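K.L.:
I'm passing along coords07.txt; it holds compact mmCIF, C-alpha atoms.
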```
# COMPACT_ATOMS: atom_id res chain seq x y z
CA MET A 113 -7.37 -25.63 -9.90
CA LEU A 114 -6.46 -24.17 -13.28
CA SER A 115 -9.24 -23.50 -15.76
CA PRO A 116 -8.96 -24.35 -19.49
CA GLU A 117 -9.65 -20.65 -20.11
CA VAL A 118 -5.96 -19.93 -19.45
CA LEU A 119 -5.30 -21.33 -22.93
CA LEU A 120 -7.12 -18.34 -24.44
CA TYR A 121 -4.00 -16.26 -23.85
CA GLY A 122 -1.53 -19.14 -23.53
CA LEU A 123 -1.98 -20.34 -27.13
CA PRO A 124 -1.35 -17.02 -28.93
CA LEU A 125 1.64 -16.26 -26.69
CA ALA A 126 3.07 -19.72 -27.39
CA PHE A 127 2.64 -19.07 -31.13
CA LEU A 128 4.43 -15.71 -30.84
CA ALA A 129 7.22 -17.30 -28.82
CA GLY A 130 7.68 -20.01 -31.44
CA PHE A 131 7.88 -17.42 -34.21
CA LEU A 132 10.51 -15.33 -32.42
CA ASP A 133 12.51 -18.35 -31.31
CA ALA A 134 12.76 -19.77 -34.84
CA VAL A 135 14.05 -16.45 -36.14
CA ALA A 136 16.39 -15.25 -33.41
CA GLY A 137 15.98 -17.37 -30.26
CA GLY A 138 14.56 -16.19 -26.95
CA GLY A 139 11.16 -17.92 -27.06
CA GLY A 140 11.55 -19.16 -23.51
CA ALA A 141 11.57 -15.57 -22.31
CA ILE A 142 7.90 -15.47 -23.32
CA THR A 143 6.61 -18.98 -22.61
CA LEU A 144 8.02 -19.42 -19.10
CA PRO A 145 6.49 -16.20 -17.68
CA THR A 146 3.22 -17.16 -19.42
CA LEU A 147 3.14 -20.49 -17.59
CA PHE A 148 3.80 -18.72 -14.29
CA LEU A 149 1.00 -16.27 -15.10
CA MET A 150 -1.34 -19.21 -15.66
CA GLY A 151 -0.74 -20.21 -12.04
CA LEU A 152 1.62 -23.17 -12.43
CA PRO A 153 4.10 -23.66 -9.55
CA PRO A 154 7.79 -23.26 -10.51
CA ALA A 155 8.61 -26.96 -10.93
CA GLN A 156 5.61 -27.58 -13.17
CA ALA A 157 6.17 -24.38 -15.16
CA VAL A 158 9.81 -25.21 -15.91
CA ALA A 159 8.99 -28.82 -16.84
CA THR A 160 6.02 -27.87 -19.03
CA ASN A 161 8.11 -25.18 -20.72
CA LYS A 162 10.53 -27.87 -21.89
CA LEU A 163 7.61 -29.73 -23.43
CA LEU A 164 6.78 -26.58 -25.41
CA ALA A 165 10.40 -26.14 -26.38
CA ILE A 166 10.57 -29.63 -27.88
CA PHE A 167 7.72 -28.82 -30.24
CA GLY A 168 9.02 -25.38 -31.20
CA SER A 169 12.70 -26.18 -31.63
CA GLY A 170 11.86 -29.43 -33.43
CA SER A 171 9.59 -27.62 -35.88
CA GLY A 172 12.15 -24.88 -36.53
CA THR A 173 14.94 -27.42 -36.98
CA TYR A 174 12.88 -29.33 -39.53
CA GLN A 175 12.14 -26.21 -41.58
CA TYR A 176 15.78 -25.08 -41.68
CA ALA A 177 17.06 -28.60 -42.37
CA ARG A 178 14.65 -29.11 -45.25
CA ALA A 179 16.00 -25.96 -46.90
CA GLY A 180 19.63 -27.00 -46.35
CA ASN A 181 20.36 -24.27 -43.79
CA ILE A 182 21.97 -26.47 -41.13
CA GLU A 183 25.66 -27.37 -41.17
CA TRP A 184 25.29 -30.90 -39.81
CA PRO A 185 29.02 -31.85 -39.70
CA LEU A 186 29.59 -28.99 -37.25
CA VAL A 187 26.31 -29.33 -35.36
CA TRP A 188 26.82 -33.03 -34.57
CA ARG A 189 30.20 -32.22 -33.03
CA LEU A 190 28.71 -29.52 -30.82
CA VAL A 191 25.65 -31.35 -29.50
CA PRO A 192 27.52 -33.55 -26.94
CA LEU A 193 29.23 -30.47 -25.46
CA ALA A 194 25.92 -28.61 -25.26
CA LEU A 195 24.34 -31.56 -23.43
CA LEU A 196 27.29 -31.84 -21.05
CA GLY A 197 27.19 -28.12 -20.30
CA SER A 198 23.42 -28.21 -19.74
CA ALA A 199 23.73 -31.05 -17.23
CA LEU A 200 26.56 -29.24 -15.45
CA GLY A 201 24.55 -26.01 -15.30
CA ALA A 202 21.56 -27.80 -13.78
CA TYR A 203 23.89 -29.19 -11.10
CA LEU A 204 25.67 -25.89 -10.35
CA VAL A 205 22.46 -23.88 -9.93
CA GLN A 206 22.32 -24.94 -6.27
CA PHE A 207 25.74 -23.41 -5.53
CA VAL A 208 25.60 -20.05 -7.32
CA ASN A 209 23.51 -16.95 -6.63
CA PRO A 210 21.14 -17.01 -9.64
CA ASN A 211 20.06 -13.37 -9.26
CA LEU A 212 23.61 -12.05 -9.54
CA PHE A 213 24.35 -14.35 -12.45
CA ARG A 214 21.10 -13.36 -14.19
CA THR A 215 21.95 -9.66 -13.98
CA LEU A 216 25.44 -10.27 -15.35
CA VAL A 217 24.06 -12.26 -18.28
CA ALA A 218 21.49 -9.54 -19.04
CA VAL A 219 24.26 -6.95 -19.26
CA VAL A 220 26.31 -9.23 -21.53
CA ILE A 221 23.35 -9.96 -23.85
CA LEU A 222 22.51 -6.25 -24.12
CA GLY A 223 26.12 -5.30 -24.83
CA VAL A 224 26.52 -8.01 -27.45
CA GLY A 225 23.20 -7.06 -29.05
CA ILE A 226 24.29 -3.44 -29.39
CA LEU A 227 27.59 -4.49 -30.99
CA VAL A 228 25.85 -6.82 -33.45
CA LEU A 229 23.32 -4.20 -34.51
CA ALA A 230 25.92 -1.42 -34.71
CA ASN A 231 28.04 -3.42 -37.16
CA LYS A 232 26.00 -3.05 -40.34
CA ARG A 233 27.59 -6.00 -42.17
CA PHE A 234 27.80 -8.45 -39.27
CA GLY A 235 25.97 -11.67 -40.04
CA LEU A 236 24.74 -10.65 -43.49
CA GLU A 237 27.27 -12.60 -45.58
CA ASP A 238 27.97 -16.33 -45.44
CA ARG A 239 31.73 -16.95 -45.40
CA TYR A 240 31.91 -20.09 -43.27
CA PRO A 241 35.32 -21.67 -44.04
CA GLY A 242 34.39 -25.26 -43.13
CA LEU A 243 35.70 -27.33 -40.23
CA ASN A 244 39.12 -26.02 -39.28
CA ALA A 245 41.14 -25.26 -36.15
CA GLN A 246 39.76 -21.73 -35.82
CA VAL A 247 36.14 -22.91 -35.97
CA TYR A 248 36.82 -25.56 -33.33
CA ALA A 249 38.66 -23.03 -31.13
CA VAL A 250 35.64 -20.71 -31.16
CA CYS A 251 32.74 -23.18 -31.11
CA LEU A 252 33.82 -25.91 -28.70
CA PRO A 253 34.39 -23.82 -25.54
CA ILE A 254 31.53 -21.43 -26.30
CA THR A 255 29.08 -24.29 -26.86
CA LEU A 256 30.05 -25.79 -23.50
CA ALA A 257 29.52 -22.40 -21.82
CA ILE A 258 26.17 -21.85 -23.54
CA GLY A 259 25.03 -25.34 -22.54
CA LEU A 260 25.96 -24.53 -18.95
CA TYR A 261 23.92 -21.33 -19.16
CA ASP A 262 20.97 -23.23 -20.64
CA GLY A 263 20.96 -25.66 -17.72
CA PHE A 264 21.42 -22.85 -15.21
CA ILE A 265 18.92 -20.23 -16.41
CA GLY A 266 17.93 -20.76 -20.06
CA PRO A 267 16.29 -17.69 -21.68
CA GLY A 268 18.41 -16.44 -24.58
CA THR A 269 20.25 -19.70 -25.26
CA GLY A 270 19.31 -19.67 -28.94
CA THR A 271 20.33 -16.02 -29.19
CA PHE A 272 23.80 -16.79 -27.81
CA LEU A 273 24.14 -19.74 -30.19
CA MET A 274 23.30 -17.53 -33.16
CA LEU A 275 26.02 -15.09 -32.15
CA MET A 276 28.55 -17.92 -31.89
CA PHE A 277 27.74 -19.17 -35.37
CA ALA A 278 27.97 -15.63 -36.73
CA LEU A 279 31.46 -15.37 -35.22
CA VAL A 280 32.58 -18.26 -37.43
CA ARG A 281 31.10 -16.38 -40.40
CA PHE A 282 27.75 -18.00 -41.01
CA ASN A 283 25.10 -15.56 -42.13
CA LEU A 284 22.29 -15.09 -39.65
CA VAL A 285 19.86 -17.37 -41.49
CA ARG A 286 22.21 -20.35 -41.45
CA GLY A 287 23.32 -19.39 -37.96
CA SER A 288 19.71 -19.50 -36.83
CA GLY A 289 19.27 -22.94 -38.41
CA ASN A 290 22.34 -24.29 -36.64
CA ALA A 291 21.22 -22.73 -33.36
CA ARG A 292 17.80 -24.39 -33.60
CA ALA A 293 19.39 -27.81 -34.14
CA VAL A 294 21.76 -27.52 -31.16
CA ASN A 295 19.02 -26.05 -28.98
CA PHE A 296 16.67 -28.91 -29.93
CA ALA A 297 19.25 -31.37 -28.62
CA THR A 298 19.60 -29.56 -25.29
CA ASN A 299 15.82 -29.24 -25.00
CA LEU A 300 15.47 -32.96 -25.66
CA GLY A 301 17.91 -33.81 -22.87
CA ALA A 302 16.09 -31.54 -20.42
CA PHE A 303 12.71 -32.88 -21.60
CA VAL A 304 13.68 -36.46 -20.73
CA TYR A 305 14.94 -35.34 -17.31
CA PHE A 306 11.74 -33.44 -16.46
CA LEU A 307 9.51 -36.15 -17.94
CA LEU A 308 10.97 -38.66 -15.49
CA GLY A 309 10.31 -36.16 -12.70
CA GLY A 310 6.56 -36.28 -13.40
CA GLN A 311 5.98 -32.51 -13.22
CA MET A 312 4.72 -31.82 -16.76
CA VAL A 313 1.16 -30.53 -17.16
CA PHE A 314 0.25 -32.16 -20.46
CA TRP A 315 -3.18 -30.63 -20.97
CA ILE A 316 -1.45 -27.24 -21.07
CA GLY A 317 1.87 -28.27 -22.61
CA LEU A 318 0.55 -30.22 -25.59
CA PRO A 319 -1.80 -27.58 -27.10
CA MET A 320 0.67 -24.79 -26.36
CA GLY A 321 3.42 -26.94 -27.84
CA LEU A 322 1.45 -27.31 -31.08
CA ALA A 323 0.91 -23.53 -31.19
CA ASN A 324 4.61 -23.05 -30.53
CA ALA A 325 5.47 -25.44 -33.39
CA LEU A 326 3.18 -23.58 -35.81
CA GLY A 327 4.78 -20.27 -34.85
CA ALA A 328 8.25 -21.77 -35.27
CA ALA A 329 7.40 -23.11 -38.73
CA LEU A 330 6.17 -19.68 -39.82
CA GLY A 331 9.15 -17.92 -38.23
CA ALA A 332 11.70 -20.19 -39.91
CA ARG A 333 10.06 -19.75 -43.30
CA MET A 334 9.89 -15.99 -42.84
CA ALA A 335 13.58 -15.85 -41.87
CA MET A 336 14.61 -17.82 -44.95
CA LEU A 337 12.32 -15.78 -47.21
CA ARG A 338 13.34 -12.35 -45.91
CA GLY A 339 17.01 -13.12 -45.35
CA SER A 340 19.67 -12.16 -42.84
CA ALA A 341 18.74 -8.47 -42.69
CA PHE A 342 15.28 -9.43 -41.35
CA VAL A 343 16.81 -11.88 -38.88
CA LYS A 344 19.18 -9.16 -37.65
CA TRP A 345 16.28 -6.79 -36.99
CA MET A 346 14.40 -9.52 -35.12
CA TYR A 347 17.58 -10.30 -33.20
CA GLY A 348 17.43 -6.78 -31.76
CA VAL A 349 13.82 -7.31 -30.66
CA VAL A 350 14.66 -10.63 -29.01
CA VAL A 351 17.63 -9.11 -27.17
CA LEU A 352 15.29 -6.58 -25.55
CA VAL A 353 12.75 -9.30 -24.66
CA VAL A 354 15.41 -11.54 -23.09
CA VAL A 355 17.05 -8.70 -21.14
CA ALA A 356 13.65 -7.61 -19.77
CA ARG A 357 12.88 -11.22 -18.81
CA LEU A 358 16.15 -11.59 -16.93
CA LEU A 359 16.03 -8.25 -15.11
CA LEU A 360 12.31 -8.23 -14.25
CA ARG A 361 12.11 -11.81 -13.01
```
Would you put the structure from the file into structure tokens?

P.N.:
Amino acid sequence: MLSPEVLLYGLPLAFLAGFLDAVAGGGGAITLPTLFLMGLPPAQAVATNKLLAIFGSGSGTYQYARAGNIEWPLVWRLVPLALLGSALGAYLVQFVNPNLFRTLVAVVILGVGILVLANKRFGLEDRYPGLNAQVYAVCLPITLAIGLYDGFIGPGTGTFLMLMFALVRFNLVRGSGNARAVNFATNLGAFVYFLLGGQMVFWIGLPMGLANALGAALGARMAMLRGSAFVKWMYGVVVLVVVARLLLR
């Protein structure tokens, strides 16, 4: 039986994960291994991790929304596709070799991260043109694919979303705000699914969720205070964390 002492390291790691996730995504790459380390079986760890994610992504979304850093007309159009993709990914996981897919995604994330960091101006200026055909052409299929990935594996979903929003010329602060809002919706859908399954460990998930929310609030405020250059630096850190999580699973 698990001892409450596991929260001594679970709470600070949940806080750190919330901070990183609110800035550049990738918090699940920290919280899920932490729950496994605590001794939770896979089904309970995955379900409890979604409870944490609700707190963290909700807190980050609130902070960005309050400062006007979420483009709601675009986000509301993307949420249904993200939910559809997430449900499809959860279904397809039984038919695809997850280890091969995980390695492929790790290579893609690392390659994309290098390209983003190598381009000194990428994501630093906000030149979003508004809803037009080009924005739809980029965001609709990519959101569906990211939702599928979120349902299939998960770690790095917010990081992929940030990249997508940067491709349609949001700066990285607004891109992070949009990513948190979409990711909150996908987390909410998964939360309901796992809640009905009865696998959540609430005495662990609730306090770690609150720590995650506090970290997310601080991370979002720091991102907005320090600007896109800070977010870009943190993006590089998160890329390394997510790649390590995928390859060392």

K.L.:
Work out how far CA of Leu144 (chain A) is from CA of Ala159 (chain A), in Å to one decimal.

P.N.:
9.7 Å

K.L.:
Which protein, DNA or RNA residues have an atom at most 12 Å from (-8.1, -23.2, -25.2), counting all atoms listed in the file? List them as JSON, numbers by chain.

P.N.:
{"A": [115, 116, 117, 118, 119, 120, 121, 122, 123, 124, 126, 315, 316, 317, 318, 319, 320, 322, 323]}

K.L.:
Between CA of Gly268 (chain A) and CA of Ile166 (chain A), what distance in Å does the model show, to one decimal?

P.N.:
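According to the coordinates, CA of Gly268 (chain A) and CA of Ile166 (chain A) are separated by 15.7 Å.
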
K.L.:
What does the structure give for the distance between CA of Val313 (chain A) and CA of Ala199 (chain A), in Å to one decimal?

P.N.:
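The value is 22.6 Å.
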
K.L.:
Find the residues around Ala335 (chain A) up to 7 Å (all atoms listed in the file counted), leave out those fewer than 6 positions away in its own chain, and share them as a PyMOL selection string.

P.N.:
chain A and resi 135+285+342-343

K.L.:
Taking all atoms listed in the file into account, which of A:Glu183, A:Met150, A:Phe303, A:Val228 comes nearest Gly348 (chain A)?

P.N.:
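Among the listed residues, A:Val228 lies closest to Gly348 (chain A).
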
K.L.:
Determine, counting all atoms listed in the file, which protein, DNA and RNA residues have an atom within 8 Å of an atom of Ala165 (chain A); residues of the same chain fewer than 2 positions away are not included. Present the result as JSON, numbers by chain.

P.N.:
{"A": [140, 161, 162, 163, 167, 168, 169, 170, 296, 299, 321, 324]}

K.L.:
From the set A:Val353, A:Leu204, A:Leu300, A:Leu149, which residue has the shortest atom-to-atom contact distance to Gly263 (chain A), counting all atoms listed in the file?

P.N.:
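Among the listed residues, A:Leu204 lies closest to Gly263 (chain A).
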
K.L.:
Quick one: of A:Leu352, A:Leu358, A:Ile182, A:Leu114, who's nearest to Arg286 (chain A), counting only C-alpha atoms?

P.N.:
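Once distances to Arg286 (chain A) are computed over only C-alpha atoms, the minimum belongs to A:Ile182.
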
K.L.:
Taking only C-alpha atoms into account, which of A:Val280, A:Arg357, A:Gly259, A:Val220 comes nearest Gln246 (chain A)?

P.N.:
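Among the listed residues, the smallest separation from Gln246 (chain A) belongs to A:Val280.
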
K.L.:
Which residue, A:Ala329, A:Pro154, A:Ala136, A:Pro185, has the smallest gap to Met346 (chain A) when you use only C-alpha atoms?

P.N.:
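The closest residue to Met346 (chain A) is A:Ala136.
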
K.L.:
Report, as JSON, the centre and edge lengths in Å (one decimal) of the axis-aligned box enclosing every listed atom of region 135-152 of chain A, padded by 8 Å on each side.

P.N.:
```
{"center_x": 7.5, "center_y": -19.2, "center_z": -24.1, "size_x": 33.7, "size_y": 23.9, "size_z": 40.1}
```

K.L.:
Please list as a ChimeraX atom specification every residue within 12 Å of Lys232 (chain A), counting only C-alpha atoms and excluding residues in the same chain fewer than 6 positions away.

P.N.:
/A:226,340-341,344-345

K.L.:
Measuring between only C-alpha atoms, which one of A:Tyr248, A:Tyr176, A:Phe277, A:Phe207 shows the shortest distance to Leu193 (chain A)?

P.N.:
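Answer, going by the shortest atom-to-atom distance: A:Tyr248.
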